[in-house]
file run_0.cif (mmCIF, C-alpha atoms)
data_run
loop_
_atom_site.label_atom_id
_atom_site.label_comp_id
_atom_site.auth_asym_id
_atom_site.auth_seq_id
_atom_site.Cartn_x
_atom_site.Cartn_y
_atom_site.Cartn_z
CA MET A 22 26.70 33.19 1.96
CA THR A 23 23.96 31.91 4.27
CA ASN A 24 22.99 28.27 4.66
CA GLN A 25 19.33 27.67 3.90
CA THR A 26 17.74 24.80 5.79
CA THR A 27 15.08 22.81 3.98
CA PRO A 28 11.80 23.24 5.88
CA ILE A 29 10.41 20.20 7.67
CA ASN A 30 7.36 18.65 6.03
CA LEU A 31 4.92 18.19 8.91
CA THR A 32 3.29 15.20 7.20
CA ASP A 33 6.60 13.32 7.44
CA LEU A 34 6.58 13.47 11.25
CA THR A 35 5.24 10.90 13.68
CA PHE A 36 3.10 12.30 16.48
CA HIS A 37 6.04 12.13 18.90
CA GLU A 38 8.33 13.86 16.40
CA LEU A 39 5.76 16.61 15.97
CA GLU A 40 5.48 16.91 19.75
CA ALA A 41 9.27 17.28 20.02
CA LEU A 42 9.21 20.01 17.35
CA ILE A 43 6.45 21.91 19.14
CA VAL A 44 8.33 21.72 22.45
CA SER A 45 11.52 22.93 20.73
CA LEU A 46 9.58 26.01 19.63
CA GLY A 47 8.82 26.81 23.28
CA GLU A 48 5.25 25.51 23.38
CA PRO A 49 3.63 22.94 25.69
CA PRO A 50 3.34 19.38 24.32
CA TYR A 51 -0.47 19.45 24.13
CA ARG A 52 -0.24 21.90 21.23
CA ALA A 53 1.00 19.00 19.09
CA ARG A 54 -2.41 17.35 19.38
CA GLN A 55 -4.08 20.46 17.96
CA VAL A 56 -1.67 20.64 15.02
CA TRP A 57 -1.98 16.88 14.42
CA GLN A 58 -5.76 17.14 14.15
CA TRP A 59 -5.46 19.96 11.65
CA LEU A 60 -3.11 17.87 9.53
CA TRP A 61 -5.01 14.60 9.45
CA GLN A 62 -8.65 15.24 10.38
CA LYS A 63 -9.19 18.66 8.86
CA LEU A 64 -6.90 18.11 5.82
CA CYS A 65 -5.25 21.47 6.45
CA ARG A 66 -2.58 22.55 3.94
CA ASP A 67 -1.69 25.95 5.37
CA ILE A 68 -0.31 26.47 8.88
CA GLU A 69 -1.87 29.95 9.00
CA LEU A 70 -5.35 28.38 8.78
CA MET A 71 -4.95 26.52 12.10
CA THR A 72 -7.25 28.96 13.84
CA ASP A 73 -7.20 27.48 17.36
CA VAL A 74 -3.39 27.52 17.42
CA SER A 75 -1.82 30.72 18.79
CA LYS A 76 -0.55 33.18 16.19
CA ALA A 77 2.91 33.10 17.82
CA LEU A 78 3.15 29.33 17.34
CA ARG A 79 1.81 29.54 13.80
CA THR A 80 4.50 32.09 12.98
CA ARG A 81 7.32 30.02 14.50
CA LEU A 82 5.97 26.84 12.94
CA SER A 83 5.76 28.49 9.50
CA GLU A 84 9.41 29.49 9.79
CA ALA A 85 10.50 25.90 10.50
CA ALA A 86 8.04 23.76 8.58
CA VAL A 87 5.59 23.39 5.71
CA ILE A 88 2.64 21.15 4.90
CA ALA A 89 3.47 19.49 1.58
CA TRP A 90 1.11 17.07 -0.14
CA PRO A 91 2.00 15.23 -3.34
CA ARG A 92 0.88 17.25 -6.38
CA VAL A 93 -1.94 15.76 -8.43
CA LEU A 94 -0.54 15.64 -11.97
CA ARG A 95 -3.31 13.60 -13.50
CA VAL A 96 -6.61 11.99 -12.49
CA SER A 97 -7.95 9.11 -14.61
CA GLU A 98 -11.47 7.84 -14.04
CA SER A 99 -12.57 4.35 -15.08
CA ALA A 100 -15.99 3.34 -16.36
CA ASP A 101 -16.32 1.15 -13.23
CA GLY A 102 -15.68 4.06 -10.86
CA THR A 103 -12.00 3.34 -10.17
CA VAL A 104 -9.86 6.47 -9.97
CA LYS A 105 -6.12 6.57 -10.61
CA PHE A 106 -3.91 9.44 -9.47
CA LEU A 107 -0.54 10.33 -10.92
CA LEU A 108 1.19 12.19 -8.10
CA GLY A 109 4.24 14.39 -8.39
CA LEU A 110 6.75 14.36 -5.53
CA ALA A 111 8.97 17.21 -4.38
CA ASP A 112 12.07 15.98 -6.24
CA GLY A 113 10.30 15.56 -9.57
CA GLU A 114 9.62 11.84 -9.24
CA ALA A 115 6.09 10.50 -9.64
CA VAL A 116 4.03 7.61 -8.33
CA GLU A 117 0.54 6.27 -8.88
CA CYS A 118 -2.15 5.29 -6.41
CA VAL A 119 -5.66 4.04 -6.99
CA LEU A 120 -9.06 4.61 -5.37
CA ILE A 121 -11.30 1.56 -5.79
CA PRO A 122 -15.09 1.62 -5.25
CA GLU A 123 -16.59 -1.23 -3.24
CA ARG A 124 -20.23 -1.88 -2.39
CA ASP A 125 -20.39 0.45 0.63
CA HIS A 126 -16.95 2.10 0.80
CA TYR A 127 -13.75 2.90 -1.06
CA THR A 128 -10.37 1.17 -0.84
CA ALA A 129 -7.14 3.01 -1.60
CA CYS A 130 -4.24 1.10 -3.14
CA LEU A 131 -1.04 2.85 -2.03
CA SER A 132 2.54 2.89 -3.26
CA THR A 133 5.59 2.65 -1.00
CA GLN A 134 8.49 3.14 -3.41
CA VAL A 135 9.22 5.01 -6.61
CA GLY A 136 9.69 2.04 -8.90
CA CYS A 137 10.57 -1.39 -7.54
CA ALA A 138 13.68 -3.56 -7.27
CA MET A 139 11.89 -6.92 -7.23
CA ALA A 140 11.75 -7.20 -11.05
CA CYS A 141 8.64 -9.42 -11.21
CA GLY A 142 8.24 -10.28 -14.86
CA PHE A 143 4.48 -9.68 -14.96
CA CYS A 144 4.48 -6.26 -13.27
CA ALA A 145 4.68 -2.94 -15.09
CA THR A 146 6.26 -1.24 -12.06
CA GLY A 147 9.18 -3.67 -12.23
CA MET A 148 10.01 -2.34 -15.70
CA LEU A 149 10.96 0.98 -14.11
CA GLY A 150 13.57 -0.45 -11.77
CA PHE A 151 14.09 1.07 -8.34
CA ARG A 152 14.31 4.85 -7.98
CA ARG A 153 13.96 5.50 -4.24
CA ASN A 154 11.92 4.89 -1.10
CA MET A 155 8.93 7.09 -0.37
CA THR A 156 8.82 9.10 2.85
CA PRO A 157 6.00 8.70 5.39
CA GLY A 158 4.54 12.01 4.26
CA GLU A 159 4.51 10.86 0.65
CA MET A 160 2.79 7.60 1.55
CA LEU A 161 0.27 9.30 3.83
CA GLY A 162 -0.17 12.03 1.24
CA GLN A 163 -1.83 9.49 -1.04
CA VAL A 164 -4.54 9.00 1.61
CA LEU A 165 -4.98 12.77 1.97
CA VAL A 166 -5.29 13.23 -1.80
CA ALA A 167 -7.86 10.41 -2.03
CA ARG A 168 -9.93 11.80 0.85
CA GLN A 169 -9.86 15.31 -0.60
CA TYR A 170 -10.97 13.94 -3.97
CA LEU A 171 -13.98 12.21 -2.38
CA LEU A 172 -14.88 15.38 -0.44
CA ASP A 173 -14.66 17.55 -3.54
CA LYS A 174 -16.90 15.13 -5.45
CA GLY A 175 -19.45 15.04 -2.62
CA GLU A 176 -19.09 11.27 -2.55
CA PRO A 177 -21.28 9.71 0.19
CA LEU A 178 -19.11 6.61 0.54
CA SER A 179 -16.03 6.93 2.73
CA LEU A 180 -12.47 5.75 2.32
CA ARG A 181 -12.45 2.81 4.70
CA ASN A 182 -9.77 0.32 3.61
CA LEU A 183 -6.11 0.77 2.71
CA VAL A 184 -3.95 -1.75 0.85
CA PHE A 185 -0.23 -1.24 0.36
CA MET A 186 -0.22 -3.06 -2.98
CA GLY A 187 0.81 -0.30 -5.36
CA MET A 188 4.29 0.51 -6.62
CA GLY A 189 7.21 -0.94 -4.66
CA GLU A 190 7.98 -3.63 -2.08
CA PRO A 191 6.81 -2.30 1.32
CA LEU A 192 9.24 -4.33 3.43
CA LEU A 193 12.20 -2.79 1.58
CA ASN A 194 11.02 0.56 2.98
CA TYR A 195 10.28 -0.85 6.42
CA GLU A 196 11.14 2.01 8.78
CA ASN A 197 9.09 4.53 6.80
CA LEU A 198 6.29 1.99 6.41
CA VAL A 199 5.98 1.51 10.18
CA LYS A 200 5.95 5.28 10.77
CA THR A 201 3.18 5.51 8.19
CA LEU A 202 1.16 2.73 9.84
CA GLU A 203 1.54 4.32 13.26
CA ALA A 204 0.29 7.65 11.93
CA LEU A 205 -2.67 5.94 10.26
CA HIS A 206 -3.69 4.42 13.60
CA HIS A 207 -3.48 7.56 15.73
CA PRO A 208 -6.94 8.18 17.25
CA GLN A 209 -6.66 11.97 16.85
CA GLY A 210 -5.57 11.53 13.26
CA LEU A 211 -6.72 9.31 10.41
CA ASP A 212 -7.77 6.64 12.94
CA PHE A 213 -7.72 3.51 10.75
CA SER A 214 -8.15 0.13 12.42
CA SER A 215 -5.48 -2.51 11.78
CA ARG A 216 -8.27 -4.67 10.33
CA ARG A 217 -8.71 -2.06 7.61
CA ILE A 218 -5.06 -1.98 6.53
CA THR A 219 -3.29 -4.66 4.50
CA VAL A 220 0.39 -4.72 3.58
CA SER A 221 1.37 -6.91 0.65
CA THR A 222 4.88 -8.33 0.33
CA ALA A 223 6.51 -10.53 -2.28
CA GLY A 224 8.51 -12.10 0.54
CA VAL A 225 11.46 -10.36 2.20
CA ARG A 226 13.17 -12.26 5.00
CA ARG A 227 14.20 -9.17 6.91
CA HIS A 228 11.32 -7.51 8.78
CA LEU A 229 8.63 -10.04 7.80
CA LEU A 230 8.11 -11.25 11.36
CA ASP A 231 8.83 -7.76 12.71
CA LEU A 232 5.81 -6.47 10.83
CA GLY A 233 3.60 -9.14 12.40
CA LYS A 234 4.76 -8.22 15.88
CA THR A 235 3.65 -4.59 15.40
CA GLY A 236 0.01 -5.64 15.07
CA LEU A 237 -0.52 -2.61 12.84
CA CYS A 238 -1.91 -4.36 9.77
CA SER A 239 -2.95 -7.57 8.07
CA LEU A 240 -0.50 -9.36 5.79
CA ALA A 241 -0.88 -10.49 2.20
CA ILE A 242 1.81 -12.51 0.40
CA SER A 243 2.31 -12.07 -3.32
CA LEU A 244 3.03 -15.72 -4.14
CA HIS A 245 2.11 -16.24 -7.81
CA ALA A 246 3.95 -19.55 -8.20
CA PRO A 247 3.59 -22.93 -6.46
CA THR A 248 7.23 -24.01 -6.80
CA GLN A 249 10.64 -22.42 -6.33
CA GLU A 250 11.54 -23.13 -9.96
CA LYS A 251 8.55 -21.24 -11.35
CA ARG A 252 8.96 -18.43 -8.85
CA GLU A 253 12.56 -17.92 -9.96
CA LYS A 254 11.38 -17.47 -13.55
CA ILE A 255 8.63 -14.93 -12.94
CA MET A 256 9.71 -13.35 -9.62
CA PRO A 257 13.53 -13.38 -9.57
CA GLY A 258 13.83 -10.80 -6.78
CA ALA A 259 11.35 -12.47 -4.45
CA ALA A 260 12.74 -15.94 -5.22
CA LYS A 261 16.00 -15.04 -3.49
CA LEU A 262 14.09 -16.11 -0.40
CA ALA A 263 13.50 -19.77 -1.18
CA LEU A 264 9.85 -20.81 -1.13
CA PRO A 265 10.27 -23.47 1.59
CA GLU A 266 12.02 -20.91 3.80
CA LEU A 267 9.31 -18.32 3.14
CA ILE A 268 6.62 -20.79 4.21
CA GLU A 269 8.62 -21.70 7.33
CA ILE A 270 8.85 -18.02 8.29
CA LEU A 271 5.13 -17.59 7.67
CA ARG A 272 4.39 -20.52 9.98
CA GLN A 273 5.79 -18.32 12.76
CA TYR A 274 3.82 -15.23 11.73
CA PRO A 275 1.59 -14.05 14.62
CA LEU A 276 -2.09 -14.30 13.71
CA LYS A 277 -5.14 -13.15 15.62
CA PRO A 278 -7.86 -15.71 16.44
CA ARG A 279 -9.75 -16.78 13.31
CA GLU A 280 -7.23 -14.89 11.14
CA SER A 281 -5.56 -16.49 8.11
CA LEU A 282 -2.66 -15.49 5.91
CA THR A 283 -3.79 -14.19 2.53
CA PHE A 284 -1.87 -15.45 -0.48
CA GLU A 285 -2.24 -13.56 -3.75
CA TYR A 286 -1.88 -15.70 -6.85
CA LEU A 287 -1.80 -14.06 -10.27
CA LEU A 288 -2.95 -16.50 -12.96
CA LEU A 289 -0.81 -16.36 -16.11
CA ALA A 290 -2.05 -18.43 -19.05
CA GLY A 291 0.18 -21.43 -19.71
CA VAL A 292 2.63 -20.44 -16.98
CA ASN A 293 1.11 -21.15 -13.55
CA ASP A 294 -2.58 -21.92 -14.18
CA ALA A 295 -2.60 -25.70 -14.83
CA ASP A 296 -4.36 -28.25 -12.63
CA ALA A 297 -0.91 -29.51 -11.62
CA ASP A 298 -0.02 -26.00 -10.44
CA ALA A 299 -3.17 -25.89 -8.32
CA ARG A 300 -2.31 -29.23 -6.71
CA GLU A 301 1.25 -28.02 -6.01
CA LEU A 302 -0.21 -24.91 -4.42
CA VAL A 303 -2.42 -27.02 -2.16
CA ARG A 304 0.64 -28.98 -1.00
CA LEU A 305 2.65 -25.80 -0.40
CA LEU A 306 -0.06 -24.09 1.66
CA SER A 307 -0.94 -27.17 3.70
CA ARG A 308 1.65 -26.08 6.29
CA VAL A 309 0.06 -22.69 7.05
CA LYS A 310 -3.38 -21.26 7.80
CA ALA A 311 -4.12 -19.87 4.35
CA LYS A 312 -6.72 -18.33 2.14
CA VAL A 313 -6.08 -17.52 -1.52
CA ASN A 314 -7.00 -14.54 -3.67
CA LEU A 315 -6.82 -15.51 -7.32
CA ILE A 316 -6.09 -12.59 -9.62
CA VAL A 317 -6.60 -12.84 -13.37
CA TYR A 318 -3.67 -11.28 -15.23
CA ASN A 319 -4.32 -7.91 -16.86
CA ALA A 320 -2.50 -7.53 -20.16
CA THR A 321 0.22 -4.87 -20.07
CA PRO A 322 2.06 -3.54 -23.16
CA GLY A 323 5.63 -4.80 -23.34
CA LEU A 324 5.02 -7.89 -21.19
CA PRO A 325 4.71 -11.38 -22.71
CA TYR A 326 1.91 -12.89 -20.60
CA ARG A 327 -1.71 -13.69 -21.43
CA GLN A 328 -4.95 -13.86 -19.50
CA PRO A 329 -6.29 -17.37 -18.85
CA SER A 330 -9.83 -18.27 -19.90
CA PRO A 331 -12.67 -18.01 -17.37
CA GLU A 332 -13.01 -21.81 -17.53
CA ARG A 333 -9.36 -22.28 -16.58
CA VAL A 334 -9.68 -19.81 -13.69
CA PHE A 335 -12.77 -21.59 -12.37
CA ALA A 336 -11.11 -25.03 -12.65
CA PHE A 337 -8.07 -23.77 -10.72
CA GLN A 338 -10.30 -22.33 -8.00
CA GLU A 339 -12.32 -25.55 -7.69
CA ILE A 340 -9.19 -27.64 -7.02
CA LEU A 341 -8.22 -25.36 -4.12
CA LYS A 342 -11.74 -25.23 -2.70
CA ALA A 343 -12.07 -29.01 -2.90
CA LYS A 344 -9.07 -29.26 -0.57
CA GLY A 345 -10.63 -26.90 1.96
CA ILE A 346 -8.74 -23.73 1.04
CA THR A 347 -10.91 -20.61 1.06
CA THR A 348 -10.40 -19.19 -2.41
CA THR A 349 -11.83 -16.06 -4.00
CA ILE A 350 -11.36 -14.56 -7.43
CA ARG A 351 -10.52 -10.91 -7.10
CA LYS A 352 -12.50 -8.84 -9.55
CA SER A 353 -10.07 -6.50 -11.29
CA LYS A 354 -11.17 -2.91 -11.59
CA GLY A 355 -9.74 -0.01 -13.54
CA ALA A 356 -8.19 -2.02 -16.38
CA ASP A 357 -9.48 0.53 -18.93
CA ILE A 358 -7.26 3.18 -17.32
CA ALA A 359 -4.35 0.79 -16.60
CA ALA A 360 -5.15 0.89 -12.91
CA ALA A 361 -5.62 -2.83 -12.31
CA CYS A 362 -3.28 -5.21 -10.50
CA GLY A 363 0.24 -5.13 -11.92
CA GLN A 364 -0.33 -2.18 -14.25
CA LEU A 365 1.06 0.76 -12.24
CA ARG A 366 3.89 2.43 -14.07
CA ALA A 367 4.23 6.14 -13.35
CA GLU A 368 6.57 8.24 -15.41
CA ALA A 369 6.77 11.91 -14.56
CA GLY A 370 6.19 14.13 -17.54
CA CYS A 371 4.69 11.44 -19.79
CA PRO A 372 1.49 9.40 -19.96
CA ALA A 373 1.41 6.88 -17.14
CA ASP A 374 0.53 3.29 -17.85
CA GLY A 375 0.10 2.54 -14.15
CA GLY A 376 -2.34 0.50 -11.67
CA ALA A 377 -2.98 -1.29 -8.37
#
call {"tool": "encode", "arguments": {"input": "run_0.cif", "output": "structure tokens"}}
result
Amino acid sequence: MTNQTTPINLTDLTFHELEALIVSLGEPPYRARQVWQWLWQKLCRDIELMTDVSKALRTRLSEAAVIAWPRVLRVSESADGTVKFLLGLADGEAVECVLIPERDHYTACLSTQVGCAMACGFCATGMLGFRRNMTPGEMLGQVLVARQYLLDKGEPLSLRNLVFMGMGEPLLNYENLVKTLEALHHPQGLDFSSRRITVSTAGVRRHLLDLGKTGLCSLAISLHAPTQEKREKIMPGAAKLALPELIEILRQYPLKPRESLTFEYLLLAGVNDADADARELVRLLSRVKAKVNLIVYNATPGLPYRQPSPERVFAFQEILKAKGITTTIRKSKGADIAAACGQLRAEAGCPADGGA
């Protein structure tokens, strides 16, 4: 009985790992740059189509490796132009990612885990629990799928911004996240600037400062509560890192000149949207260089929260602005296809309720 080795997925490899594979096949290192460009710039899905790579290398590479993208199981298109993808992974699991239209470009909201262990009470993904971490190829595959979609549609606007704000807690998949960020930056590959990539975390002590030291992305903190007591009620996983300690860590976070930390604050009617909550938030953020993105809750079946009134949202924003905190209200998109903030909930083989 022969042992069959699972082929390597080339999209899982960093550039240096690909280079090592090419060298192991008896080829000079520069060949890796050719293959890398086929993978990430030309969106190649078949090794045999790499026409400027020698036939001998293509043959050896095909024996050792494959190019595997996530399978597109479903595409949902919103009235506002938002597109949600349900993607099937090699082991039968599924995730969702979202393509969001902006004025002059698109932003992709990417997932990092199948499910999530943080158990935030307002988030549909948290209802799934944690299944597993995504590989670099699976995370990058979301970008490839989104770019191919835009090409196929003849869309003139490009995919310019990436936000890791989909399913999962990115810092709980740190090693794969960093590999993904490094691949995104490679100048012969997808070539995204760090200014165009944002990683959102609910607050994980381990790796928080490590991420800042890489310089590979901007940081957003999913805060959603102004006090430890309220955070424990709605974000039990994140609240394991006490709010005062989280702020102290963030005080040490390396920022570029004129850069601020972005705090995301989801407004839940009657829970965290009172004037008193706004004043507590001002006090909490007075110790760091902060700007705030207010997000109006999007109703999700099975969750007990409500959307605050526009008047309440505006009053909350005005309290923060009056104290000198730059505060914007994020316009939710894709709610009609359950693709808005907190709505992502992918189930393979059944209708997905998901969103970014």
call {"tool": "closest_residue", "arguments": {"input": "run_0.cif", "among": "A:Asp296, A:Glu266, A:Asp112, A:Glu98", "to": "A:Tyr170", "atoms": "only C-alpha atoms"}}
result
A:Glu98
call {"tool": "closest_residue", "arguments": {"input": "run_0.cif", "among": "A:Ile316, A:Leu205, A:Leu237, A:Leu262", "to": "A:Leu276", "atoms": "only C-alpha atoms"}}
result
A:Leu237
call {"tool": "resolve_selection", "arguments": {"input": "run_0.cif", "expression": "the PyMOL selection byres ((chain A and resi 304) around 12)", "output": "short mmCIF file (atom, residue, chain, number, x, y, z; two decimals) with C-alpha atoms, keeping the file's coordinate frame"}}
result
data_model
loop_
_atom_site.label_atom_id
_atom_site.label_comp_id
_atom_site.auth_asym_id
_atom_site.auth_seq_id
_atom_site.Cartn_x
_atom_site.Cartn_y
_atom_site.Cartn_z
CA PRO A 247 3.59 -22.93 -6.46
CA THR A 248 7.23 -24.01 -6.80
CA PRO A 265 10.27 -23.47 1.59
CA ILE A 268 6.62 -20.79 4.21
CA ALA A 297 -0.91 -29.51 -11.62
CA ASP A 298 -0.02 -26.00 -10.44
CA ALA A 299 -3.17 -25.89 -8.32
CA ARG A 300 -2.31 -29.23 -6.71
CA GLU A 301 1.25 -28.02 -6.01
CA LEU A 302 -0.21 -24.91 -4.42
CA VAL A 303 -2.42 -27.02 -2.16
CA LEU A 305 2.65 -25.80 -0.40
CA LEU A 306 -0.06 -24.09 1.66
CA SER A 307 -0.94 -27.17 3.70
CA ARG A 308 1.65 -26.08 6.29
CA VAL A 309 0.06 -22.69 7.05
CA ALA A 311 -4.12 -19.87 4.35
CA ILE A 340 -9.19 -27.64 -7.02
CA LEU A 341 -8.22 -25.36 -4.12
CA LYS A 344 -9.07 -29.26 -0.57
CA GLY A 345 -10.63 -26.90 1.96
CA ILE A 346 -8.74 -23.73 1.04
#
call {"tool": "closest_residue", "arguments": {"input": "run_0.cif", "among": "A:Val87, A:Met186, A:Leu78, A:Ala138", "to": "A:Met256", "atoms": "only C-alpha atoms"}}
result
A:Ala138
call {"tool": "atom_distance", "arguments": {"input": "run_0.cif", "atom1": "atom CA of A:Asp294", "atom2": "atom CA of A:Pro329"}}
result
7.5 Å
call {"tool": "build_atoms", "arguments": {"input": "run_0.cif", "residues": "stretch 213-235 of chain A", "atoms": "N, CA, C and O atoms", "output": "JSON list (two decimals), in the coordinates of the input"}}
result
[["chain", "number", "residue", "atom", "x", "y", "z"],
["A", 213, "PHE", "N", -7.38, 4.76, 11.43],
["A", 213, "PHE", "CA", -7.72, 3.51, 10.75],
["A", 213, "PHE", "C", -7.46, 2.33, 11.69],
["A", 213, "PHE", "O", -6.45, 2.29, 12.39],
["A", 214, "SER", "N", -8.35, 1.37, 11.68],
["A", 214, "SER", "CA", -8.15, 0.13, 12.42],
["A", 214, "SER", "C", -7.15, -0.77, 11.68],
["A", 214, "SER", "O", -7.09, -0.74, 10.44],
["A", 215, "SER", "N", -6.41, -1.58, 12.42],
["A", 215, "SER", "CA", -5.48, -2.51, 11.78],
["A", 215, "SER", "C", -6.22, -3.48, 10.88],
["A", 215, "SER", "O", -5.65, -3.98, 9.89],
["A", 216, "ARG", "N", -7.48, -3.77, 11.17],
["A", 216, "ARG", "CA", -8.27, -4.67, 10.33],
["A", 216, "ARG", "C", -8.57, -4.06, 8.97],
["A", 216, "ARG", "O", -8.95, -4.77, 8.04],
["A", 217, "ARG", "N", -8.40, -2.75, 8.86],
["A", 217, "ARG", "CA", -8.71, -2.06, 7.61],
["A", 217, "ARG", "C", -7.47, -1.76, 6.78],
["A", 217, "ARG", "O", -7.55, -1.06, 5.77],
["A", 218, "ILE", "N", -6.31, -2.25, 7.23],
["A", 218, "ILE", "CA", -5.06, -1.98, 6.53],
["A", 218, "ILE", "C", -4.38, -3.30, 6.19],
["A", 218, "ILE", "O", -4.20, -4.15, 7.06],
["A", 219, "THR", "N", -4.00, -3.46, 4.93],
["A", 219, "THR", "CA", -3.29, -4.66, 4.50],
["A", 219, "THR", "C", -1.99, -4.26, 3.83],
["A", 219, "THR", "O", -1.98, -3.36, 2.97],
["A", 220, "VAL", "N", -0.91, -4.92, 4.22],
["A", 220, "VAL", "CA", 0.39, -4.72, 3.58],
["A", 220, "VAL", "C", 0.72, -5.98, 2.79],
["A", 220, "VAL", "O", 0.67, -7.09, 3.31],
["A", 221, "SER", "N", 1.04, -5.79, 1.53],
["A", 221, "SER", "CA", 1.37, -6.91, 0.65],
["A", 221, "SER", "C", 2.87, -6.96, 0.41],
["A", 221, "SER", "O", 3.49, -5.94, 0.09],
["A", 222, "THR", "N", 3.45, -8.14, 0.57],
["A", 222, "THR", "CA", 4.88, -8.33, 0.33],
["A", 222, "THR", "C", 5.11, -9.52, -0.59],
["A", 222, "THR", "O", 4.38, -10.51, -0.52],
["A", 223, "ALA", "N", 6.12, -9.40, -1.43],
["A", 223, "ALA", "CA", 6.51, -10.53, -2.28],
["A", 223, "ALA", "C", 7.33, -11.55, -1.50],
["A", 223, "ALA", "O", 7.55, -12.66, -1.97],
["A", 224, "GLY", "N", 7.75, -11.18, -0.30],
["A", 224, "GLY", "CA", 8.51, -12.10, 0.54],
["A", 224, "GLY", "C", 9.93, -11.61, 0.77],
["A", 224, "GLY", "O", 10.81, -11.86, -0.06],
["A", 225, "VAL", "N", 10.14, -10.87, 1.84],
["A", 225, "VAL", "CA", 11.46, -10.36, 2.20],
["A", 225, "VAL", "C", 11.77, -10.87, 3.60],
["A", 225, "VAL", "O", 11.02, -10.61, 4.55],
["A", 226, "ARG", "N", 12.84, -11.62, 3.72],
["A", 226, "ARG", "CA", 13.17, -12.26, 5.00],
["A", 226, "ARG", "C", 13.25, -11.23, 6.13],
["A", 226, "ARG", "O", 12.64, -11.40, 7.18],
["A", 227, "ARG", "N", 14.01, -10.19, 5.88],
["A", 227, "ARG", "CA", 14.20, -9.17, 6.91],
["A", 227, "ARG", "C", 12.90, -8.40, 7.14],
["A", 227, "ARG", "O", 12.26, -7.96, 6.19],
["A", 228, "HIS", "N", 12.48, -8.29, 8.34],
["A", 228, "HIS", "CA", 11.32, -7.51, 8.78],
["A", 228, "HIS", "C", 9.97, -8.20, 8.61],
["A", 228, "HIS", "O", 8.96, -7.66, 9.03],
["A", 229, "LEU", "N", 9.93, -9.39, 8.01],
["A", 229, "LEU", "CA", 8.63, -10.04, 7.80],
["A", 229, "LEU", "C", 7.95, -10.33, 9.15],
["A", 229, "LEU", "O", 6.79, -9.97, 9.37],
["A", 230, "LEU", "N", 8.69, -10.97, 10.04],
["A", 230, "LEU", "CA", 8.11, -11.25, 11.36],
["A", 230, "LEU", "C", 8.00, -9.98, 12.20],
["A", 230, "LEU", "O", 7.09, -9.86, 13.04],
["A", 231, "ASP", "N", 8.91, -9.04, 11.99],
["A", 231, "ASP", "CA", 8.83, -7.76, 12.71],
["A", 231, "ASP", "C", 7.49, -7.08, 12.44],
["A", 231, "ASP", "O", 6.87, -6.52, 13.35],
["A", 232, "LEU", "N", 7.07, -7.11, 11.19],
["A", 232, "LEU", "CA", 5.81, -6.47, 10.83],
["A", 232, "LEU", "C", 4.66, -7.11, 11.59],
["A", 232, "LEU", "O", 3.78, -6.42, 12.11],
["A", 233, "GLY", "N", 4.66, -8.44, 11.67],
["A", 233, "GLY", "CA", 3.60, -9.14, 12.40],
["A", 233, "GLY", "C", 3.55, -8.76, 13.86],
["A", 233, "GLY", "O", 2.46, -8.63, 14.45],
["A", 234, "LYS", "N", 4.70, -8.56, 14.46],
["A", 234, "LYS", "CA", 4.76, -8.22, 15.88],
["A", 234, "LYS", "C", 4.22, -6.82, 16.17],
["A", 234, "LYS", "O", 3.82, -6.53, 17.30],
["A", 235, "THR", "N", 4.19, -5.93, 15.17],
["A", 235, "THR", "CA", 3.65, -4.59, 15.40],
["A", 235, "THR", "C", 2.15, -4.62, 15.60],
["A", 235, "THR", "O", 1.60, -3.75, 16.28]]
